[in-house]
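Peer 1: Input structure: work.cif, which contains mmCIF, C-alpha atoms and all ligand atoms.
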```cif
data_input
loop_
_atom_site.group_PDB
_atom_site.id
_atom_site.type_symbol
_atom_site.label_atom_id
_atom_site.label_comp_id
_atom_site.auth_asym_id
_atom_site.auth_seq_id
_atom_site.Cartn_x
_atom_site.Cartn_y
_atom_site.Cartn_z
ATOM 1 C CA MET A 1 0.000 0.000 0.000
ATOM 2 C CA THR A 2 1.167 3.502 -0.698
ATOM 3 C CA MET A 3 1.657 6.033 2.069
ATOM 4 C CA ILE A 4 -1.416 7.970 1.030
ATOM 5 C CA VAL A 5 -3.641 4.922 0.951
ATOM 6 C CA ASN A 6 -2.303 3.878 4.311
ATOM 7 C CA LYS A 7 -2.933 7.286 5.859
ATOM 8 C CA LEU A 8 -6.354 7.489 4.310
ATOM 9 C CA HIS A 9 -7.239 4.260 6.070
ATOM 10 C CA LEU A 10 -5.934 5.635 9.361
ATOM 11 C CA VAL A 11 -8.081 8.742 8.984
ATOM 12 C CA ARG A 12 -11.129 6.648 8.186
ATOM 13 C CA ASP A 13 -10.386 4.621 11.328
ATOM 14 C CA ARG A 14 -10.212 7.832 13.386
ATOM 15 C CA ILE A 15 -13.576 8.942 11.997
ATOM 16 C CA HIS A 16 -15.076 5.546 12.646
ATOM 17 C CA GLN A 17 -13.784 5.445 16.217
ATOM 18 C CA ALA A 18 -14.986 8.977 16.956
ATOM 19 C CA CYS A 19 -18.427 8.108 15.630
ATOM 20 C CA GLN A 20 -18.526 5.013 17.781
ATOM 21 C CA ASP A 21 -17.467 6.978 20.882
ATOM 22 C CA ALA A 22 -20.059 9.646 20.130
ATOM 23 C CA GLY A 23 -22.820 7.127 19.419
ATOM 24 C CA ARG A 24 -23.126 8.225 15.809
ATOM 25 C CA ASP A 25 -23.511 6.326 12.563
ATOM 26 C CA PRO A 26 -20.168 6.512 10.699
ATOM 27 C CA ALA A 27 -22.125 7.053 7.496
ATOM 28 C CA SER A 28 -23.256 10.419 8.902
ATOM 29 C CA VAL A 29 -19.751 11.913 8.582
ATOM 30 C CA GLN A 30 -18.199 12.531 5.190
ATOM 31 C CA LEU A 31 -14.483 12.831 4.630
ATOM 32 C CA LEU A 32 -13.262 15.680 2.469
ATOM 33 C CA ALA A 33 -9.622 15.076 1.511
ATOM 34 C CA VAL A 34 -7.868 18.453 1.400
ATOM 35 C CA SER A 35 -5.353 18.131 -1.414
ATOM 36 C CA LYS A 36 -4.098 21.739 -1.538
ATOM 37 C CA THR A 37 -0.376 22.012 -2.333
ATOM 38 C CA PHE A 38 -0.288 18.357 -3.464
ATOM 39 C CA GLY A 39 -0.220 17.338 -7.100
ATOM 40 C CA PRO A 40 -2.616 15.361 -9.261
ATOM 41 C CA GLU A 41 -0.743 12.139 -8.520
ATOM 42 C CA ALA A 42 -1.652 12.389 -4.846
ATOM 43 C CA VAL A 43 -5.298 12.919 -5.731
ATOM 44 C CA ARG A 44 -5.212 10.001 -8.125
ATOM 45 C CA GLU A 45 -3.839 7.724 -5.420
ATOM 46 C CA ALA A 46 -6.482 8.737 -2.921
ATOM 47 C CA ALA A 47 -9.224 8.441 -5.544
ATOM 48 C CA ALA A 48 -8.078 4.956 -6.484
ATOM 49 C CA ALA A 49 -8.468 4.070 -2.793
ATOM 50 C CA GLY A 50 -12.089 5.164 -2.902
ATOM 51 C CA GLN A 51 -11.858 8.818 -1.878
ATOM 52 C CA THR A 52 -14.457 10.757 -3.829
ATOM 53 C CA ALA A 53 -14.357 14.346 -2.515
ATOM 54 C CA PHE A 54 -11.383 16.707 -2.577
ATOM 55 C CA GLY A 55 -10.909 20.170 -1.129
ATOM 56 C CA GLU A 56 -8.794 22.962 -2.593
ATOM 57 C CA ASN A 57 -7.980 26.388 -1.160
ATOM 58 C CA TYR A 58 -6.296 28.090 -4.074
ATOM 59 C CA LEU A 59 -8.590 28.420 -7.052
ATOM 60 C CA GLN A 60 -6.107 28.322 -9.883
ATOM 61 C CA GLU A 61 -4.193 25.458 -8.332
ATOM 62 C CA GLY A 62 -7.420 23.530 -7.958
ATOM 63 C CA VAL A 63 -8.524 24.157 -11.522
ATOM 64 C CA ASP A 64 -5.113 23.144 -12.905
ATOM 65 C CA LYS A 65 -5.316 19.944 -10.896
ATOM 66 C CA MET A 66 -8.785 19.139 -12.221
ATOM 67 C CA ALA A 67 -7.510 19.595 -15.767
ATOM 68 C CA ALA A 68 -4.579 17.266 -15.081
ATOM 69 C CA LEU A 69 -7.018 14.692 -13.750
ATOM 70 C CA ASP A 70 -9.373 15.057 -16.657
ATOM 71 C CA ALA A 71 -9.695 11.329 -17.100
ATOM 72 C CA PRO A 72 -11.171 9.552 -14.080
ATOM 73 C CA PRO A 73 -8.523 7.777 -11.987
ATOM 74 C CA HIS A 74 -9.928 4.492 -13.173
ATOM 75 C CA PRO A 75 -12.610 3.904 -15.800
ATOM 76 C CA LEU A 76 -14.930 2.486 -13.139
ATOM 77 C CA LEU A 77 -14.401 5.305 -10.656
ATOM 78 C CA PRO A 78 -16.586 8.405 -10.651
ATOM 79 C CA ARG A 79 -15.202 11.839 -11.316
ATOM 80 C CA PRO A 80 -14.274 13.279 -7.910
ATOM 81 C CA ALA A 81 -16.323 16.088 -6.404
ATOM 82 C CA TRP A 82 -14.309 19.292 -5.958
ATOM 83 C CA HIS A 83 -14.896 21.516 -2.971
ATOM 84 C CA CYS A 84 -13.550 25.039 -2.773
ATOM 85 C CA ILE A 85 -12.630 25.679 0.861
ATOM 86 C CA GLY A 86 -10.525 28.807 0.428
ATOM 87 C CA PRO A 87 -11.492 32.464 0.363
ATOM 88 C CA VAL A 88 -13.045 33.739 -2.883
ATOM 89 C CA GLN A 89 -12.635 37.316 -4.062
ATOM 90 C CA SER A 90 -15.448 38.739 -6.130
ATOM 91 C CA ASN A 91 -13.286 38.889 -9.265
ATOM 92 C CA LYS A 92 -12.584 35.133 -8.980
ATOM 93 C CA THR A 93 -16.124 33.817 -8.704
ATOM 94 C CA LYS A 94 -16.150 32.616 -12.315
ATOM 95 C CA LEU A 95 -13.530 29.968 -11.545
ATOM 96 C CA VAL A 96 -15.672 28.639 -8.714
ATOM 97 C CA ALA A 97 -18.916 28.789 -10.678
ATOM 98 C CA THR A 98 -17.397 27.034 -13.674
ATOM 99 C CA HIS A 99 -15.290 24.328 -12.088
ATOM 100 C CA PHE A 100 -16.296 23.467 -8.546
ATOM 101 C CA ASP A 101 -19.115 21.352 -7.134
ATOM 102 C CA TRP A 102 -19.096 22.905 -3.671
ATOM 103 C CA LEU A 103 -18.102 26.160 -2.016
ATOM 104 C CA HIS A 104 -17.643 26.139 1.778
ATOM 105 C CA THR A 105 -16.661 29.755 2.348
ATOM 106 C CA LEU A 106 -19.601 31.829 1.178
ATOM 107 C CA ASP A 107 -19.966 34.879 3.418
ATOM 108 C CA ARG A 108 -21.261 37.700 1.202
ATOM 109 C CA LEU A 109 -24.450 38.199 -0.772
ATOM 110 C CA LYS A 110 -22.572 39.845 -3.613
ATOM 111 C CA ILE A 111 -20.452 36.728 -4.104
ATOM 112 C CA ALA A 112 -23.554 34.536 -3.970
ATOM 113 C CA GLN A 113 -25.268 36.622 -6.645
ATOM 114 C CA ARG A 114 -22.251 36.528 -8.929
ATOM 115 C CA LEU A 115 -21.957 32.759 -8.545
ATOM 116 C CA ASN A 116 -25.642 32.392 -9.314
ATOM 117 C CA GLU A 117 -25.234 34.446 -12.506
ATOM 118 C CA GLN A 118 -22.104 32.617 -13.606
ATOM 119 C CA ARG A 119 -23.170 29.047 -12.897
ATOM 120 C CA GLY A 120 -24.068 27.343 -16.169
ATOM 121 C CA ASP A 121 -27.598 26.225 -16.957
ATOM 122 C CA ASP A 122 -26.198 22.860 -17.916
ATOM 123 C CA GLN A 123 -24.488 22.395 -14.552
ATOM 124 C CA ALA A 124 -25.861 21.042 -11.307
ATOM 125 C CA PRO A 125 -26.442 23.819 -8.764
ATOM 126 C CA LEU A 126 -23.352 24.870 -6.821
ATOM 127 C CA GLN A 127 -23.599 23.379 -3.327
ATOM 128 C CA VAL A 128 -22.748 26.054 -0.777
ATOM 129 C CA CYS A 129 -22.016 26.323 2.906
ATOM 130 C CA LEU A 130 -21.961 29.643 4.705
ATOM 131 C CA GLN A 131 -18.736 30.243 6.584
ATOM 132 C CA VAL A 132 -19.213 31.365 10.174
ATOM 133 C CA ASN A 133 -16.607 32.983 12.371
ATOM 134 C CA ILE A 134 -17.894 31.121 15.394
ATOM 135 C CA ASP A 135 -15.276 32.154 17.938
ATOM 136 C CA GLY A 136 -14.656 35.702 16.750
ATOM 137 C CA GLY A 137 -11.152 34.519 15.923
ATOM 138 C CA ALA A 138 -8.423 36.637 14.420
ATOM 139 C CA ASN A 139 -9.047 34.792 11.163
ATOM 140 C CA LYS A 140 -11.619 37.351 10.107
ATOM 141 C CA SER A 141 -13.304 35.428 7.302
ATOM 142 C CA GLY A 142 -16.819 34.317 7.878
ATOM 143 C CA LEU A 143 -20.100 35.709 9.050
ATOM 144 C CA ALA A 144 -20.881 36.753 12.580
ATOM 145 C CA PRO A 145 -23.478 34.304 13.944
ATOM 146 C CA GLN A 146 -26.309 36.862 13.736
ATOM 147 C CA GLU A 147 -25.572 37.445 10.035
ATOM 148 C CA VAL A 148 -26.108 33.818 9.060
ATOM 149 C CA LEU A 149 -29.884 33.624 8.864
ATOM 150 C CA PRO A 150 -30.382 36.659 6.585
ATOM 151 C CA LEU A 151 -27.775 35.406 4.115
ATOM 152 C CA ALA A 152 -29.185 31.876 4.298
ATOM 153 C CA ARG A 153 -32.633 33.164 3.319
ATOM 154 C CA ALA A 154 -31.173 35.157 0.439
ATOM 155 C CA VAL A 155 -29.193 32.184 -0.875
ATOM 156 C CA LEU A 156 -32.322 30.016 -0.838
ATOM 157 C CA GLY A 157 -33.736 32.404 -3.411
ATOM 158 C CA LEU A 158 -30.876 31.866 -5.864
ATOM 159 C CA PRO A 159 -31.776 28.987 -8.208
ATOM 160 C CA ARG A 160 -28.265 27.979 -9.274
ATOM 161 C CA LEU A 161 -27.021 27.684 -5.709
ATOM 162 C CA ARG A 162 -28.087 25.031 -3.260
ATOM 163 C CA LEU A 163 -27.694 25.984 0.367
ATOM 164 C CA ARG A 164 -26.228 22.984 2.199
ATOM 165 C CA GLY A 165 -25.154 24.232 5.613
ATOM 166 C CA LEU A 166 -22.440 25.912 7.632
ATOM 167 C CA MET A 167 -18.669 25.749 7.742
ATOM 168 C CA THR A 168 -16.259 26.887 10.451
ATOM 169 C CA ILE A 169 -12.516 27.127 10.971
ATOM 170 C CA PRO A 170 -12.130 27.748 14.707
ATOM 171 C CA GLU A 171 -8.909 29.040 16.178
ATOM 172 C CA PRO A 172 -6.728 26.133 17.324
ATOM 173 C CA GLN A 173 -7.540 24.976 20.847
ATOM 174 C CA PRO A 174 -5.140 23.038 23.058
ATOM 175 C CA ASP A 175 -7.314 20.078 24.032
ATOM 176 C CA PHE A 176 -10.371 18.020 23.159
ATOM 177 C CA GLU A 177 -12.737 19.698 25.626
ATOM 178 C CA SER A 178 -12.003 23.247 24.515
ATOM 179 C CA GLN A 179 -12.180 22.192 20.854
ATOM 180 C CA LYS A 180 -15.538 20.582 21.517
ATOM 181 C CA GLN A 181 -16.895 23.662 23.296
ATOM 182 C CA VAL A 182 -16.293 25.804 20.203
ATOM 183 C CA HIS A 183 -17.663 23.136 17.874
ATOM 184 C CA LEU A 184 -20.790 22.874 20.009
ATOM 185 C CA GLN A 185 -21.440 26.577 19.465
ATOM 186 C CA ALA A 186 -21.331 25.963 15.723
ATOM 187 C CA ARG A 187 -23.635 23.000 16.146
ATOM 188 C CA ALA A 188 -26.138 25.066 18.113
ATOM 189 C CA LEU A 189 -26.138 27.739 15.432
ATOM 190 C CA PHE A 190 -26.527 25.094 12.728
ATOM 191 C CA ASP A 191 -29.533 23.573 14.521
ATOM 192 C CA PHE A 192 -31.095 26.981 15.041
ATOM 193 C CA VAL A 193 -30.707 28.022 11.407
ATOM 194 C CA ARG A 194 -31.960 24.692 10.088
ATOM 195 C CA GLN A 195 -34.976 24.739 12.384
ATOM 196 C CA THR A 196 -35.822 28.328 11.518
ATOM 197 C CA LEU A 197 -35.577 27.762 7.771
ATOM 198 C CA LEU A 198 -37.732 24.651 8.020
ATOM 199 C CA GLU A 199 -40.349 26.505 10.053
ATOM 200 C CA GLU A 200 -40.402 29.304 7.526
ATOM 201 C CA GLY A 201 -41.000 26.661 4.879
ATOM 202 C CA LEU A 202 -38.700 28.198 2.315
ATOM 203 C CA PRO A 203 -38.139 25.904 -0.675
ATOM 204 C CA GLY A 204 -34.779 24.153 -0.397
ATOM 205 C CA SER A 205 -34.509 24.466 3.361
ATOM 206 C CA ALA A 206 -34.556 20.677 3.805
ATOM 207 C CA ASP A 207 -31.228 20.511 1.931
ATOM 208 C CA PHE A 208 -29.561 22.386 4.789
ATOM 209 C CA ASP A 209 -27.919 19.281 6.222
ATOM 210 C CA THR A 210 -24.162 19.859 6.288
ATOM 211 C CA LEU A 211 -21.945 21.041 9.117
ATOM 212 C CA SER A 212 -18.423 21.294 7.715
ATOM 213 C CA MET A 213 -16.027 21.377 10.648
ATOM 214 C CA GLY A 214 -13.027 19.503 11.977
ATOM 215 C CA MET A 215 -9.566 19.110 10.484
ATOM 216 C CA THR A 216 -6.541 16.900 11.186
ATOM 217 C CA GLY A 217 -6.080 18.271 14.691
ATOM 218 C CA ASP A 218 -9.659 18.385 15.921
ATOM 219 C CA LEU A 219 -11.785 16.006 13.904
ATOM 220 C CA GLU A 220 -12.731 13.876 16.927
ATOM 221 C CA ALA A 221 -14.050 16.866 18.864
ATOM 222 C CA ALA A 222 -15.886 18.074 15.767
ATOM 223 C CA ILE A 223 -17.561 14.696 15.302
ATOM 224 C CA HIS A 224 -18.603 14.612 18.954
ATOM 225 C CA ALA A 225 -20.207 18.021 18.443
ATOM 226 C CA GLY A 226 -22.120 16.930 15.335
ATOM 227 C CA SER A 227 -19.913 17.630 12.323
ATOM 228 C CA THR A 228 -21.166 15.949 9.151
ATOM 229 C CA MET A 229 -18.082 16.704 7.043
ATOM 230 C CA VAL A 230 -14.491 16.784 8.226
ATOM 231 C CA ARG A 231 -11.857 18.451 6.048
ATOM 232 C CA VAL A 232 -8.595 16.586 6.440
ATOM 233 C CA GLY A 233 -5.344 17.444 4.707
ATOM 234 C CA SER A 234 -2.068 16.720 6.442
ATOM 235 C CA ALA A 235 -3.182 13.448 8.066
ATOM 236 C CA ILE A 236 -3.750 12.069 4.551
ATOM 237 C CA PHE A 237 -1.202 13.761 2.333
ATOM 238 C CA GLY A 238 1.513 14.705 4.840
ATOM 239 C CA GLY A 239 2.895 18.071 5.870
ATOM 240 C CA ARG A 240 2.566 20.942 3.446
ATOM 241 C CA SER A 241 5.617 22.775 2.157
ATOM 242 C CA TYR A 242 3.808 26.078 1.945
ATOM 243 C CA PRO A 243 1.352 27.284 4.532
ATOM 244 C CA ALA A 244 -2.382 27.420 4.242
ATOM 245 C CA ALA A 245 -3.729 30.791 3.216
ATOM 246 C CA THR A 246 -6.345 31.983 5.640
HETATM 247 C C1 LIG A 301 -5.870 23.322 4.926
HETATM 248 C C2 LIG A 301 -7.280 23.295 5.381
HETATM 249 C C3 LIG A 301 -7.825 22.148 5.963
HETATM 250 C C4 LIG A 301 -7.031 20.878 6.262
HETATM 251 O O1 LIG A 301 -6.154 21.135 7.311
HETATM 252 P P1 LIG A 301 -5.297 19.951 7.976
HETATM 253 O O2 LIG A 301 -4.953 20.497 9.312
HETATM 254 O O3 LIG A 301 -4.120 19.737 7.114
HETATM 255 O O4 LIG A 301 -6.162 18.764 8.059
HETATM 256 C C5 LIG A 301 -9.172 22.162 6.292
HETATM 257 N N1 LIG A 301 -9.938 23.253 6.087
HETATM 258 C C6 LIG A 301 -9.440 24.368 5.528
HETATM 259 C C7 LIG A 301 -10.337 25.525 5.317
HETATM 260 C C8 LIG A 301 -8.093 24.437 5.198
HETATM 261 O O5 LIG A 301 -7.617 25.567 4.677
#
```
For this file, produce the structure as structure tokens.
Ligand SMILES: *Cc1c(COP(=O)(O)O)cnc(C)c1O
Peer 2:
Amino acid sequence: MTMIVNKLHLVRDRIHQACQDAGRDPASVQLLAVSKTFGPEAVREAAAAGQTAFGENYLQEGVDKMAALDAPPHPLLPRPAWHCIGPVQSNKTKLVATHFDWLHTLDRLKIAQRLNEQRGDDQAPLQVCLQVNIDGGANKSGLAPQEVLPLARAVLGLPRLRLRGLMTIPEPQPDFESQKQVHLQARALFDFVRQTLLEEGLPGSADFDTLSMGMTGDLEAAIHAGSTMVRVGSAIFGGRSYPAAT
């Protein structure tokens, strides 16, 4: 087995164990393999081992990688789903609208509107999560909690976007309990927004089912708090030689 395949199995074991400890069905947590800074070969290896969803932070890098992987990793394997998990400036929305399946970092109406205009009629709707700055961390991206519901309602009105949930990148915490406390705040907000949208009966509100939180260092705490999608990079692909943009 290659290193990547081996590590992918270890990460799946971690997810499985955390689900068991938390009394959750392992099928309720998806693994997003964050392949930023790694080449198409690394993606191909992970895909051949059954990984179907990949996350990229840097738009052009992601698009170049998709082009290099144009053919599926194996004729019987599906094309991977590509998730944009990095910040998107308004002059770069076209790359997201054209090439990605998901966007996790939506935090402005203007960006949502541009994506809705630029998404092709022949494409499936772009799946979006709203990014929340849950702990008021120095990483300033993301909505304040009270801004989430108004943007969620607006996004539900955009036909080429499909609102899927919330995403957070909390500041690093030193231990499981403090990680979990922050994740639980995100979970509470997620439940509140979902419940409110359902009560308002807006079309599409039932698709709000995704809580994207947890990375290599805190995926167990995130799963205990109710994450449905963990975004894991270094535990699968190894250390990165250039740092994550935030
Ligand atoms: C890089 C990155 C990850 C993965 O981080 P690891 O600690 O390597 O697992 C997850 N989410 C976002 C938004 C990232 O930028």
Peer 1: Grab all the atoms of ligand LIG 301 (chain A) that the file lists, wrap them in a box along x, y and z, add 6 Å per side, and give me centre plus edge lengths in Å (one decimal) as AutoDock Vina command-line options.
Peer 2:
```
--center_x -7.2 --center_y 22.2 --center_z 7.0 --size_x 18.2 --size_y 18.8 --size_z 16.6
```
Peer 1: Rounded to one decimal in Å, what is the spacing between atom CA of A:Gly39 and atom CA of A:Gly239?
Peer 2: 13.4 Å
Peer 1: Please identify every polymer residue within 9 Å of ligand LIG 301 (chain A), using only C-alpha atoms and all ligand atoms, and present the set as a compact mmCIF listing (two decimals) with C-alpha atoms, in the coordinates of the input.
Peer 2:
```txt
# COMPACT_ATOMS: atom_id res chain seq x y z
CA LEU A 32 -13.26 15.68 2.47
CA ALA A 33 -9.62 15.08 1.51
CA VAL A 34 -7.87 18.45 1.40
CA SER A 35 -5.35 18.13 -1.41
CA LYS A 36 -4.10 21.74 -1.54
CA GLY A 55 -10.91 20.17 -1.13
CA GLU A 56 -8.79 22.96 -2.59
CA ASN A 57 -7.98 26.39 -1.16
CA CYS A 84 -13.55 25.04 -2.77
CA ILE A 85 -12.63 25.68 0.86
CA GLY A 86 -10.52 28.81 0.43
CA PRO A 87 -11.49 32.46 0.36
CA HIS A 104 -17.64 26.14 1.78
CA THR A 105 -16.66 29.76 2.35
CA MET A 167 -18.67 25.75 7.74
CA THR A 168 -16.26 26.89 10.45
CA ILE A 169 -12.52 27.13 10.97
CA SER A 212 -18.42 21.29 7.72
CA MET A 213 -16.03 21.38 10.65
CA GLY A 214 -13.03 19.50 11.98
CA MET A 215 -9.57 19.11 10.48
CA THR A 216 -6.54 16.90 11.19
CA GLY A 217 -6.08 18.27 14.69
CA ASP A 218 -9.66 18.39 15.92
CA LEU A 219 -11.78 16.01 13.90
CA VAL A 230 -14.49 16.78 8.23
CA ARG A 231 -11.86 18.45 6.05
CA VAL A 232 -8.60 16.59 6.44
CA GLY A 233 -5.34 17.44 4.71
CA SER A 234 -2.07 16.72 6.44
CA ALA A 235 -3.18 13.45 8.07
CA ILE A 236 -3.75 12.07 4.55
CA PHE A 237 -1.20 13.76 2.33
CA GLY A 238 1.51 14.70 4.84
CA GLY A 239 2.90 18.07 5.87
CA ARG A 240 2.57 20.94 3.45
CA PRO A 243 1.35 27.28 4.53
CA ALA A 244 -2.38 27.42 4.24
CA ALA A 245 -3.73 30.79 3.22
CA THR A 246 -6.34 31.98 5.64
```
Peer 1: Could you make a table, as CSV, of the residues of stretch 84-166 of chain A that have an atom within 9 Å of an atom of stretch 193-207 of chain A, each with its nearest atom pair and distance in Å to one decimal, counting only C-alpha atoms, in chain and number order?
Peer 2:
```
residue,atom,partner,partner_atom,distance
A:Val148,CA,A:Val193,CA,7.8
A:Leu149,CA,A:Val193,CA,6.2
A:Ala152,CA,A:Val193,CA,8.2
A:Arg153,CA,A:Leu197,CA,7.6
A:Leu156,CA,A:Gly204,CA,6.4
A:Gly157,CA,A:Pro203,CA,8.3
A:Arg162,CA,A:Gly204,CA,7.3
A:Leu163,CA,A:Asp207,CA,6.7
A:Arg164,CA,A:Asp207,CA,5.6
A:Gly165,CA,A:Asp207,CA,8.0
```
Peer 1: Just C-alpha atoms for this one: save the residues we selected as a PDB file, keeping the file's coordinate frame.
Peer 2:
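Just written: result_27.pdb:
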```
ATOM      1  CA  VAL A 148     -26.108  33.818   9.060  1.00  0.00           C
ATOM      2  CA  LEU A 149     -29.884  33.624   8.864  1.00  0.00           C
ATOM      3  CA  ALA A 152     -29.185  31.876   4.298  1.00  0.00           C
ATOM      4  CA  ARG A 153     -32.633  33.164   3.319  1.00  0.00           C
ATOM      5  CA  LEU A 156     -32.322  30.016  -0.838  1.00  0.00           C
ATOM      6  CA  GLY A 157     -33.736  32.404  -3.411  1.00  0.00           C
ATOM      7  CA  ARG A 162     -28.087  25.031  -3.260  1.00  0.00           C
ATOM      8  CA  LEU A 163     -27.694  25.984   0.367  1.00  0.00           C
ATOM      9  CA  ARG A 164     -26.228  22.984   2.199  1.00  0.00           C
ATOM     10  CA  GLY A 165     -25.154  24.232   5.613  1.00  0.00           C
TER      11      GLY A 165
END
```
Peer 1: Selected by the PyMOL selection byres (((chain A and resi 117-120) around 9) and not hetatm) in the shown coordinates: which residues, as a PyMOL selection string?
Peer 2: chain A and resi 93-94+96-98+112-116+121-126+160-161
Peer 1: How many Å lie between atom CA of A:Ala49 and atom CA of A:Val5, rounded to one decimal?
Peer 2: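 The value is 6.2 Å.
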Peer 1: Which of these residues is nearest to A:Gln127, using only C-alpha atoms: A:Ser241, A:Gln185, A:Thr210, A:Ser28?
Peer 2: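 Closest residue, counting only C-alpha atoms: A:Thr210.
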Peer 1: Please evaluate the PyMOL selection byres (((chain A and resi 144) around 10) and not hetatm) against the structure above and give the resulting residues as a list in words.
Peer 2: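 Selected by the PyMOL selection byres (((chain A and resi 144) around 10) and not hetatm) here: Asp107, Gln131, Val132, Asn133, Ile134, Asp135, Gly136, Lys140, Ser141, Gly142, Leu143, Pro145, Gln146, Glu147 and Val148 of chain A.
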Peer 1: In Å, how far is it from atom CA of A:Thr52 to atom CA of A:Pro78?
Peer 2: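 These two atoms are separated by 7.5 Å.
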Peer 1: Kindly provide, as a ChimeraX atom specification, the polymer residues lying within 7 Å of (-14.7, 7.1, -6.5), counting only C-alpha atoms and using the coordinates exactly as they appear in the file.
Peer 2: /A:47-48,50-52,77-80
Peer 1: When you look at A:Glu41 with a cut-off of 10 Å (counting all atoms listed in the file), what residues show up, excluding the ones that are within fewer than 3 positions of it in the same chain? I need them as a ChimeraX atom specification.
Peer 2: /A:38,44-47,65,68-69,73
Peer 1: When you count all atoms listed in the file, which of these residues is closest to A:Glu171: A:Val88, A:Val155, A:Ala18, A:Ala138?
Peer 2: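 The closest residue to A:Glu171 is A:Ala138.
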Peer 1: Which residues come within 10 Å of A:Phe176, counting all atoms listed in the file, excluding same-chain residues fewer than 3 positions away, as number ranges by chain?
Peer 2: A: 173, 179-181, 217-222, 224
Peer 1: Closest to A:Ser178 among A:Leu166, A:Ala225, A:Met66, A:Ala22, using all atoms listed in the file?
Peer 2: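 The answer is A:Ala225, which sits nearest to A:Ser178.
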Peer 1: Select, from A:Leu211, A:Ala188, A:Met229, A:Ile223, the residue with the minimum atom-to-atom distance to A:Arg14, counting all atoms listed in the file.
Peer 2: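 Ranked by minimum distance to A:Arg14, first place goes to A:Ile223.
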Peer 1: Check the smallest atom-to-atom distance from each of A:Cys129, A:Leu103, A:Val63, A:Val11 to A:His83 using only C-alpha atoms, then report the winner.
Peer 2: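 When distances to A:His83 are compared using only C-alpha atoms, the smallest one comes from A:Leu103.
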Peer 1: Which residue is closest to A:Asp64? Choose from A:Ile111, A:Ala81, A:Leu158, A:Leu95 and count only C-alpha atoms.
Peer 2: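 Going through A:Ile111, A:Ala81, A:Leu158, A:Leu95 one by one, the smallest distance to A:Asp64 is for A:Leu95.
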